[in-house]
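Structure below is entry.cif: mmCIF, C-alpha atoms.
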```cif
data_upload
loop_
_atom_site.label_atom_id
_atom_site.label_comp_id
_atom_site.auth_asym_id
_atom_site.auth_seq_id
_atom_site.Cartn_x
_atom_site.Cartn_y
_atom_site.Cartn_z
CA MET A 1 252.79 -21.73 -42.77
CA SER A 2 251.73 -20.91 -39.21
CA ASN A 3 248.13 -21.08 -38.01
CA SER A 4 248.07 -17.32 -37.46
CA VAL A 5 249.13 -16.70 -41.07
CA LEU A 6 246.48 -19.15 -42.31
CA LEU A 7 243.79 -17.35 -40.28
CA LYS A 8 244.96 -13.93 -41.48
CA ASN A 9 244.86 -15.09 -45.11
CA CYS A 10 241.37 -16.54 -44.62
CA ILE A 11 240.09 -13.28 -43.11
CA GLU A 12 241.64 -11.18 -45.88
CA LYS A 13 240.29 -13.45 -48.61
CA LYS A 14 236.73 -14.04 -47.33
CA GLY A 15 236.02 -11.22 -44.91
CA ILE A 16 233.72 -13.49 -42.90
CA VAL A 17 235.24 -16.66 -41.48
CA LYS A 18 232.93 -19.51 -40.45
CA VAL A 19 234.16 -20.83 -37.09
CA CYS A 20 232.57 -23.52 -34.96
CA GLY A 21 233.37 -24.51 -31.39
CA ALA A 22 234.45 -28.04 -30.51
CA PHE A 23 234.51 -29.63 -27.08
CA ASP A 24 236.50 -32.76 -27.89
CA ALA A 25 238.50 -34.37 -30.70
CA MET A 26 235.44 -36.04 -32.25
CA SER A 27 233.45 -32.82 -32.50
CA ALA A 28 236.52 -31.04 -33.92
CA LYS A 29 236.77 -33.68 -36.64
CA LEU A 30 233.05 -33.29 -37.41
CA VAL A 31 233.47 -29.51 -37.70
CA GLU A 32 236.37 -30.06 -40.09
CA ASN A 33 234.38 -32.54 -42.20
CA VAL A 34 231.36 -30.22 -42.48
CA GLY A 35 233.54 -27.52 -44.02
CA PHE A 36 233.94 -24.72 -41.49
CA ASP A 37 236.90 -22.42 -42.09
CA ALA A 38 238.23 -22.81 -38.56
CA VAL A 39 237.64 -24.66 -35.29
CA TRP A 40 237.64 -23.02 -31.88
CA ALA A 41 238.59 -25.47 -29.14
CA GLY A 42 239.31 -24.90 -25.48
CA SER A 43 242.35 -26.68 -24.10
CA PHE A 44 240.47 -27.87 -21.01
CA ALA A 45 238.41 -30.41 -22.97
CA ILE A 46 240.95 -31.61 -25.51
#
```
Kindly present the structure from the file in structure tokens form.
Amino acid sequence: MSNSVLLKNCIEKKGIVKVCGAFDAMSAKLVENVGFDAVWAGSFAI
């Protein structure tokens, strides 16, 4: 399943999607471990 389909399903199911920004791989892993629904990450830093 593509990431866009996963995001669409999450939005349809929950209505509000908890997203956190990450500036490197370590912070992205921390966001994932805390339990956010999605991670926003800019390609410049990762």
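By only C-alpha atoms, and with residues fewer than 2 positions from range 37-44 of chain A along its chain excluded, the set lying at most 7 Å from it is Val17, Lys18, Val19, Cys20, Gly21, Ala22, Phe23, Ala28, Val31, Gly35 and Ile46 of chain A.
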What is the CA of Ser27 in chain A to CA of Glu12 in chain A distance in Å?
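Going from CA of Ser27 in chain A over to CA of Glu12 in chain A, I get 26.7 Å.
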Can you tell me how far CA of Gly15 in chain A sits from CA of Met1 in chain A, in Å to one decimal?
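That distance, rounded to one decimal, is 19.9 Å.
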